[in-house]
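Participant: Below is a structure I'd like to ask you about.
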Amino acid sequence: MDENHMRGELRELSRALRRVHKAVADIELQYVTGPVSALEQLQILTNHPQLLWLQKLSALMAELDECMEEPDVAAADIAARFRTVIEQLVGPRAPSDEEFRKRYTTLLHDGPDVAIAHGGLRAVLMRLPSAAE
């Protein structure tokens, strides 16, 4: 797979992660608040103790976006690393964070939008190289 194609896959991975984050955040926000503005949602997502577990996913999205800006780093290396990290977070690899995995899995089973976004994320991950390859 050439570098430009791999960078395109990384952009798709970034979009897929954002869809997962939004689907999970939408459900979690329903549990802690009623209808609020977008700015209030952001403040709640970043400060509410019940939602702090989502910061791991937020940080991962930011890190991926930063890595994609690095012209000297091979896209295949970035892709393999992020595939591993994401699969350790949301599955199917052994979890790197048991609490995150437990909460995510619950929402995955309870929220159709989360399940759909997760399916999209898995489809993108399957197109990326594995660290073992």
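Ordered as shown in the structure tokens, chains take letters A, B, and onward, while each chain numbers its residues from 1 and ligands are numbered from 1 in the order shown.
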What's around A:Thr33 at 10 Å? Count only C-alpha atoms, leave out sequence neighbours fewer than 6 positions away in its own chain, and write the answer as a PyMOL selection string.
Facilitator: chain A and resi 40-41+44
Participant: Distance table requested - stretch 7-59 of chain A against stretch 80-87 of chain A, cut-off 10 Å, only C-alpha atoms: one row per qualifying residue with the closest atom pair and its distance in Å to one decimal, ordered by chain and rising residue number, as a Markdown table.
Facilitator:
```
| residue | atom | partner | partner_atom | distance |
| --- | --- | --- | --- | --- |
| A:Leu10 | CA | A:Phe82 | CA | 9.2 |
| A:Leu13 | CA | A:Phe82 | CA | 9.1 |
| A:Leu17 | CA | A:Ile86 | CA | 9.1 |
| A:Leu57 | CA | A:Ile86 | CA | 8.8 |
```
Participant: Would you please work out which residue, of A:Ala25, A:Val90, A:Met126, A:Ile116, is nearest to A:Tyr104 when using only C-alpha atoms?
Facilitator: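 When distances to A:Tyr104 are compared using only C-alpha atoms, the smallest one comes from A:Val90.
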Participant: Residues near A:Ala117, anyone? I mean within 7 Å using only C-alpha atoms, not counting same-chain ones fewer than 3 positions away, as a count of residues only.
Facilitator: 7
Participant: May I ask which of the residues A:Arg7, A:His21, A:His48, A:Lys102 is the closest one to A:Met61, counting only C-alpha atoms?
Facilitator: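 Counting only C-alpha atoms, the residue closest to A:Met61 is A:His21.
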Participant: Of the candidates A:Pro112, A:Ala76, A:Tyr31, A:Leu54, which shows the shortest atom-to-atom distance to A:His5, using only C-alpha atoms?
Facilitator: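 Among the listed residues, the smallest separation from A:His5 belongs to A:Ala76.
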Participant: Let me make sure I understand: among A:Val24, A:Met68, A:Leu42, A:Leu128, which one has the smallest atom-to-atom distance to A:Phe100 if we use only C-alpha atoms?
Facilitator: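 Answer, going by the shortest atom-to-atom distance: A:Val24.
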Participant: Between A:Ser14, A:Leu39, A:Asp97, A:Leu108, which residue has the minimum interatomic distance to A:Leu64, considering only C-alpha atoms?
Facilitator: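 Distance minimum relative to A:Leu64 lands on A:Ser14.
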Participant: Taking only C-alpha atoms into account, name the residue in A:Ser130, A:Thr105, A:Gln43, A:Asn4 that is nearest to A:Leu89.
Facilitator: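 Among A:Ser130, A:Thr105, A:Gln43, A:Asn4, it is A:Thr105 that comes nearest to A:Leu89.
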Participant: Write out as number ranges by chain all residues of chain A that DSSP puts in helix (DSSP H, G or I) for this structure's backbone.
Facilitator: A: 3-32, 38-47, 49-68, 75-90, 98-110, 112-126
